[in-house]
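A.B. asks: This is the structure, below, for whatever I ask next.
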Amino acid sequence: MIDQTDDRLLAWARKIVPDAEVMLAAPADDHGIRIHLLTIQPVNAPRGARRPPLELTVSYLVTTSAEDARDAHRWLAALAFDALSTPEWQVADEPLTTDLWRAFGVAPRPSFVVRMPVRMAREERLAPPVRTTVLQLHQED
């Protein structure tokens, strides 16, 4: 499931910014677009008669870097606007902490976090068919 989401994000970024190198990796000081899986959070399934699919919300950090900062800014804006227009995706509005940037070993930079659902269908467990009635059980006693 996650690998399909990774592939979808890579294809998306390459389509939006075809002139940049795109990779799944943590932010770094080299040039290109970096897409990094930041978090995986479970979504509580609603209760009902049928078993709903298992669902996660995955968050990816999107960063850009280029020799010319204007290119990096243009790429990031193009990606952010397209992510905003993708119905299943959410663009987070909270900034990353300086501790997180420090953990990556890079200076803070413009970025955004895109969140999306990942679902896995579950097999429906059916109850065995009823072969006797309560009345038949009492008659046998």
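Here, A, B, ... name the chains of the structure tokens in the order displayed, residue numbers run from 1 inside each chain, and ligands are numbered from 1 in the same displayed order.
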So that I can check the surroundings of Pro95 of chain A, please list as number ranges by chain every protein, DNA and RNA residue that reaches within 12 Å of it, counting only C-alpha atoms and ignoring chain neighbours fewer than 3 positions away.
C.D. replies: A: 61, 91-92, 98-101, 108-113
A.B. asks: Would you kindly return, as a CSV table (one decimal) with N, CA, C and O atoms, in the first residue's frame, each protein, DNA or RNA residue with an atom no farther than 12 Å from any atom of segment 2-10 of chain A, considering only C-alpha atoms and excluding same-chain residues fewer than 3 positions away?
C.D. replies:
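Printed below is part-v1.csv as written:
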chain,number,residue,atom,x,y,z
A,13,ALA,N,5.1,14.4,-8.7
A,13,ALA,CA,6.1,15.5,-8.7
A,13,ALA,C,6.8,15.6,-10.0
A,13,ALA,O,7.1,16.7,-10.5
A,14,ARG,N,7.1,14.4,-10.7
A,14,ARG,CA,7.8,14.4,-12.0
A,14,ARG,C,6.9,15.0,-13.1
A,14,ARG,O,7.4,15.7,-14.0
A,15,LYS,N,5.6,14.9,-12.9
A,15,LYS,CA,4.6,15.5,-13.9
A,15,LYS,C,4.6,17.0,-13.7
A,15,LYS,O,4.6,17.7,-14.7
A,16,ILE,N,4.5,17.4,-12.5
A,16,ILE,CA,4.4,18.8,-12.2
A,16,ILE,C,5.7,19.6,-12.5
A,16,ILE,O,5.7,20.7,-13.0
A,17,VAL,N,6.8,19.0,-12.1
A,17,VAL,CA,8.1,19.6,-12.3
A,17,VAL,C,9.0,18.7,-13.1
A,17,VAL,O,9.9,18.0,-12.5
A,18,PRO,N,8.8,18.5,-14.4
A,18,PRO,CA,9.6,17.6,-15.2
A,18,PRO,C,11.1,17.9,-15.3
A,18,PRO,O,11.9,16.9,-15.6
A,20,ALA,N,13.2,18.7,-12.9
A,20,ALA,CA,13.9,18.5,-11.6
A,20,ALA,C,14.1,17.0,-11.3
A,20,ALA,O,13.2,16.2,-11.7
A,21,GLU,N,15.1,16.7,-10.6
A,21,GLU,CA,15.3,15.3,-10.1
A,21,GLU,C,14.4,15.1,-8.9
A,21,GLU,O,14.4,16.0,-8.0
A,22,VAL,N,13.6,14.0,-8.9
A,22,VAL,CA,12.7,13.8,-7.8
A,22,VAL,C,13.1,12.5,-7.1
A,22,VAL,O,13.4,11.5,-7.8
A,23,MET,N,13.1,12.5,-5.8
A,23,MET,CA,13.5,11.3,-5.1
A,23,MET,C,12.7,11.2,-3.8
A,23,MET,O,12.3,12.2,-3.2
A,24,LEU,N,12.6,9.9,-3.3
A,24,LEU,CA,12.1,9.7,-2.0
A,24,LEU,C,13.3,9.7,-1.0
A,24,LEU,O,14.1,8.8,-1.1
A,25,ALA,N,13.4,10.7,-0.3
A,25,ALA,CA,14.5,10.9,0.6
A,25,ALA,C,14.3,12.1,1.6
A,25,ALA,O,13.4,12.9,1.3
A,33,ILE,N,13.9,17.7,-5.9
A,33,ILE,CA,12.7,17.6,-5.1
A,33,ILE,C,12.9,16.4,-4.2
A,33,ILE,O,13.1,15.3,-4.7
A,34,ARG,N,12.7,16.5,-2.9
A,34,ARG,CA,12.7,15.4,-2.0
A,34,ARG,C,11.4,15.2,-1.4
A,34,ARG,O,10.7,16.2,-0.9
A,35,ILE,N,10.9,14.0,-1.3
A,35,ILE,CA,9.7,13.6,-0.7
A,35,ILE,C,10.0,12.6,0.4
A,35,ILE,O,10.6,11.5,0.1
A,36,HIS,N,9.6,12.9,1.6
A,36,HIS,CA,10.0,12.1,2.7
A,36,HIS,C,8.8,11.7,3.5
A,36,HIS,O,8.0,12.6,4.0
A,37,LEU,N,8.6,10.4,3.8
A,37,LEU,CA,7.5,9.9,4.6
A,37,LEU,C,7.8,10.3,6.0
A,37,LEU,O,8.8,10.0,6.6
A,39,THR,N,5.1,10.7,8.7
A,39,THR,CA,4.3,10.1,9.7
A,39,THR,C,3.3,9.1,9.1
A,39,THR,O,2.9,9.3,8.0
A,40,ILE,N,2.9,8.1,9.9
A,40,ILE,CA,1.9,7.2,9.6
A,40,ILE,C,0.9,7.1,10.8
A,40,ILE,O,1.4,6.8,11.9
A,55,GLU,N,-7.6,1.9,7.6
A,55,GLU,CA,-7.1,3.2,7.0
A,55,GLU,C,-6.0,3.8,7.8
A,55,GLU,O,-6.1,3.8,9.0
A,56,LEU,N,-5.1,4.4,7.1
A,56,LEU,CA,-4.0,5.2,7.7
A,56,LEU,C,-4.0,6.5,7.0
A,56,LEU,O,-4.4,6.7,5.9
A,57,THR,N,-3.5,7.5,7.7
A,57,THR,CA,-3.2,8.8,7.1
A,57,THR,C,-1.7,8.9,7.1
A,57,THR,O,-1.0,8.8,8.1
A,58,VAL,N,-1.2,9.1,5.9
A,58,VAL,CA,0.3,9.2,5.8
A,58,VAL,C,0.6,10.7,5.5
A,58,VAL,O,-0.1,11.3,4.7
A,59,SER,N,1.7,11.1,6.0
A,59,SER,CA,2.2,12.5,5.8
A,59,SER,C,3.5,12.5,5.2
A,59,SER,O,4.4,11.8,5.7
A,60,TYR,N,3.7,13.2,4.1
A,60,TYR,CA,5.0,13.3,3.4
A,60,TYR,C,5.4,14.8,3.4
A,60,TYR,O,4.7,15.7,3.2
A,61,LEU,N,6.7,15.0,3.7
A,61,LEU,CA,7.3,16.3,3.7
A,61,LEU,C,7.9,16.5,2.3
A,61,LEU,O,8.6,15.6,1.7
A,62,VAL,N,7.5,17.6,1.7
A,62,VAL,CA,8.0,18.0,0.3
A,62,VAL,C,8.9,19.2,0.4
A,62,VAL,O,8.5,20.2,0.9
A,79,LEU,N,4.1,22.6,-6.9
A,79,LEU,CA,3.7,21.3,-6.2
A,79,LEU,C,2.6,21.6,-5.1
A,79,LEU,O,1.6,20.8,-5.0
A,82,ASP,N,-0.8,22.3,-6.8
A,82,ASP,CA,-1.4,21.1,-7.3
A,82,ASP,C,-1.9,20.2,-6.2
A,82,ASP,O,-2.9,19.6,-6.3
A,83,ALA,N,-1.1,20.1,-5.1
A,83,ALA,CA,-1.6,19.3,-4.0
A,83,ALA,C,-2.8,19.8,-3.4
A,83,ALA,O,-3.7,19.0,-3.0
A,86,THR,N,-5.8,18.6,-5.3
A,86,THR,CA,-6.1,17.1,-5.3
A,86,THR,C,-7.1,16.8,-4.3
A,86,THR,O,-6.8,16.9,-3.1
A,89,TRP,N,-6.2,14.8,-1.0
A,89,TRP,CA,-5.0,15.2,-0.2
A,89,TRP,C,-5.3,16.4,0.6
A,89,TRP,O,-6.2,17.2,0.3
A,114,VAL,N,2.1,17.1,2.9
A,114,VAL,CA,0.9,16.6,2.3
A,114,VAL,C,0.4,15.4,3.0
A,114,VAL,O,1.2,14.5,3.3
A,115,ARG,N,-0.9,15.3,3.3
A,115,ARG,CA,-1.5,14.2,4.0
A,115,ARG,C,-2.4,13.5,3.0
A,115,ARG,O,-3.2,14.2,2.3
A,116,MET,N,-2.5,12.2,3.1
A,116,MET,CA,-3.4,11.4,2.2
A,116,MET,C,-3.8,10.1,2.9
A,116,MET,O,-3.0,9.6,3.7
A,117,PRO,N,-4.9,9.6,2.6
A,117,PRO,CA,-5.4,8.3,3.1
A,117,PRO,C,-4.7,7.1,2.3
A,117,PRO,O,-4.5,7.2,1.1
A,118,VAL,N,-4.5,6.1,3.1
A,118,VAL,CA,-4.1,4.8,2.5
A,118,VAL,C,-5.0,3.8,3.1
A,118,VAL,O,-5.1,3.7,4.3
A,119,ARG,N,-5.7,3.0,2.2
A,119,ARG,CA,-6.7,2.1,2.7
A,119,ARG,C,-6.3,0.7,2.3
A,119,ARG,O,-5.7,0.4,1.2
A,120,MET,N,-6.7,-0.3,3.2
A,120,MET,CA,-6.5,-1.7,2.9
A,120,MET,C,-7.8,-2.4,3.1
A,120,MET,O,-8.3,-2.4,4.3
A.B. asks: Would you return as a ChimeraX atom specification the members of chain A that DSSP assigns to strand (DSSP E) on this structure's backbone?
C.D. replies: /A:22-24,32-42,54-65,90-91,111-120
A.B. asks: Next, dump the selected residues to file, keeping only N, CA and C atoms, as a short mmCIF file (atom, residue, chain, number, x, y, z; two decimals), in the first residue's frame.
C.D. replies:
data_model
loop_
_atom_site.label_atom_id
_atom_site.label_comp_id
_atom_site.auth_asym_id
_atom_site.auth_seq_id
_atom_site.Cartn_x
_atom_site.Cartn_y
_atom_site.Cartn_z
N VAL A 22 13.64 14.05 -8.89
CA VAL A 22 12.68 13.78 -7.81
C VAL A 22 13.08 12.47 -7.14
N MET A 23 13.11 12.48 -5.80
CA MET A 23 13.48 11.26 -5.08
C MET A 23 12.74 11.15 -3.76
N LEU A 24 12.60 9.91 -3.31
CA LEU A 24 12.08 9.66 -1.96
C LEU A 24 13.28 9.70 -1.03
N GLY A 32 17.14 19.29 -6.15
CA GLY A 32 16.04 18.47 -6.60
C GLY A 32 14.85 18.56 -5.67
N ILE A 33 13.93 17.67 -5.89
CA ILE A 33 12.72 17.59 -5.06
C ILE A 33 12.85 16.35 -4.20
N ARG A 34 12.68 16.55 -2.91
CA ARG A 34 12.75 15.45 -1.95
C ARG A 34 11.36 15.24 -1.35
N ILE A 35 10.94 13.98 -1.32
CA ILE A 35 9.66 13.61 -0.72
C ILE A 35 9.98 12.59 0.36
N HIS A 36 9.65 12.93 1.60
CA HIS A 36 10.03 12.11 2.74
C HIS A 36 8.81 11.70 3.55
N LEU A 37 8.63 10.39 3.75
CA LEU A 37 7.53 9.90 4.60
C LEU A 37 7.80 10.35 6.02
N LEU A 38 6.91 11.17 6.53
CA LEU A 38 7.11 11.79 7.84
C LEU A 38 6.36 11.06 8.95
N THR A 39 5.09 10.75 8.71
CA THR A 39 4.30 10.06 9.73
C THR A 39 3.30 9.10 9.09
N ILE A 40 2.93 8.10 9.90
CA ILE A 40 1.85 7.18 9.56
C ILE A 40 0.95 7.13 10.78
N GLN A 41 -0.32 7.49 10.60
CA GLN A 41 -1.26 7.51 11.71
C GLN A 41 -2.50 6.70 11.39
N PRO A 42 -2.94 5.85 12.33
CA PRO A 42 -4.16 5.08 12.08
C PRO A 42 -5.39 5.97 12.14
N LEU A 54 -9.24 -1.01 6.55
CA LEU A 54 -8.29 -0.40 7.47
C LEU A 54 -7.77 0.86 6.79
N GLU A 55 -7.55 1.90 7.58
CA GLU A 55 -7.13 3.16 6.97
C GLU A 55 -6.03 3.82 7.80
N LEU A 56 -5.07 4.37 7.08
CA LEU A 56 -4.00 5.16 7.66
C LEU A 56 -4.01 6.53 7.01
N THR A 57 -3.52 7.51 7.73
CA THR A 57 -3.21 8.80 7.13
C THR A 57 -1.70 8.89 7.10
N VAL A 58 -1.15 9.07 5.91
CA VAL A 58 0.29 9.20 5.77
C VAL A 58 0.62 10.66 5.45
N SER A 59 1.71 11.14 6.03
CA SER A 59 2.15 12.51 5.81
C SER A 59 3.53 12.49 5.19
N TYR A 60 3.68 13.25 4.12
CA TYR A 60 4.96 13.35 3.42
C TYR A 60 5.44 14.80 3.44
N LEU A 61 6.70 14.99 3.74
CA LEU A 61 7.33 16.29 3.68
C LEU A 61 7.86 16.50 2.27
N VAL A 62 7.52 17.63 1.67
CA VAL A 62 7.98 17.95 0.32
C VAL A 62 8.90 19.17 0.41
N THR A 63 10.13 19.00 -0.07
CA THR A 63 11.10 20.09 -0.08
C THR A 63 11.72 20.19 -1.47
N THR A 64 12.23 21.37 -1.77
CA THR A 64 12.92 21.59 -3.04
C THR A 64 14.22 22.34 -2.78
N SER A 65 15.18 22.10 -3.65
CA SER A 65 16.45 22.82 -3.57
C SER A 65 17.00 22.91 -4.98
N GLN A 90 -4.59 16.58 1.69
CA GLN A 90 -4.66 17.78 2.52
C GLN A 90 -3.25 18.33 2.63
N VAL A 91 -3.13 19.63 2.56
CA VAL A 91 -1.84 20.27 2.79
C VAL A 91 -1.88 20.83 4.20
N SER A 111 8.87 24.50 2.73
CA SER A 111 8.41 23.12 2.52
C SER A 111 6.92 23.07 2.80
N PHE A 112 6.34 21.92 2.53
CA PHE A 112 4.97 21.68 2.96
C PHE A 112 4.81 20.19 3.23
N VAL A 113 3.76 19.88 3.99
CA VAL A 113 3.44 18.49 4.31
C VAL A 113 2.11 18.18 3.66
N VAL A 114 2.10 17.09 2.90
CA VAL A 114 0.86 16.63 2.27
C VAL A 114 0.42 15.36 2.98
N ARG A 115 -0.87 15.32 3.31
CA ARG A 115 -1.45 14.15 3.99
C ARG A 115 -2.44 13.49 3.04
N MET A 116 -2.46 12.15 3.10
CA MET A 116 -3.39 11.42 2.25
C MET A 116 -3.77 10.11 2.90
N PRO A 117 -4.94 9.59 2.55
CA PRO A 117 -5.36 8.31 3.11
C PRO A 117 -4.74 7.14 2.34
N VAL A 118 -4.48 6.08 3.08
CA VAL A 118 -4.07 4.80 2.48
C VAL A 118 -5.01 3.77 3.08
N ARG A 119 -5.69 3.04 2.21
CA ARG A 119 -6.68 2.07 2.69
C ARG A 119 -6.31 0.65 2.28
N MET A 120 -6.66 -0.28 3.15
CA MET A 120 -6.48 -1.69 2.86
C MET A 120 -7.80 -2.40 3.14
#
A.B. asks: DSSP on the backbone: which residues in chain A end up as alpha helix (DSSP H)? Give the answer as JSON, numbers by chain.
C.D. replies: {"A": [2, 3, 4, 5, 6, 7, 8, 9, 10, 11, 12, 13, 14, 15, 16, 69, 70, 71, 72, 73, 74, 75, 76, 77, 78, 79, 80, 81, 82, 83, 84, 98, 99, 100, 101, 102, 103, 104, 134, 135, 136, 137, 138, 139, 140]}
A.B. asks: Mind giving me the straight-line distance from atom CA of Met1 of chain A to atom CA of Ala26 of chain A in Å, one decimal?
C.D. replies: 20.2 Å
A.B. asks: Work out how far atom CA of Phe104 of chain A is from atom CA of Asp29 of chain A, in Å to one decimal.
C.D. replies: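 Going from atom CA of Asp29 of chain A over to atom CA of Phe104 of chain A covers 10.3 Å.
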A.B. asks: With distances taken over only C-alpha atoms, which of A:Arg102, A:Ala80, A:His31, A:Glu94 is nearest to Asp68 of chain A?
C.D. replies: A:His31
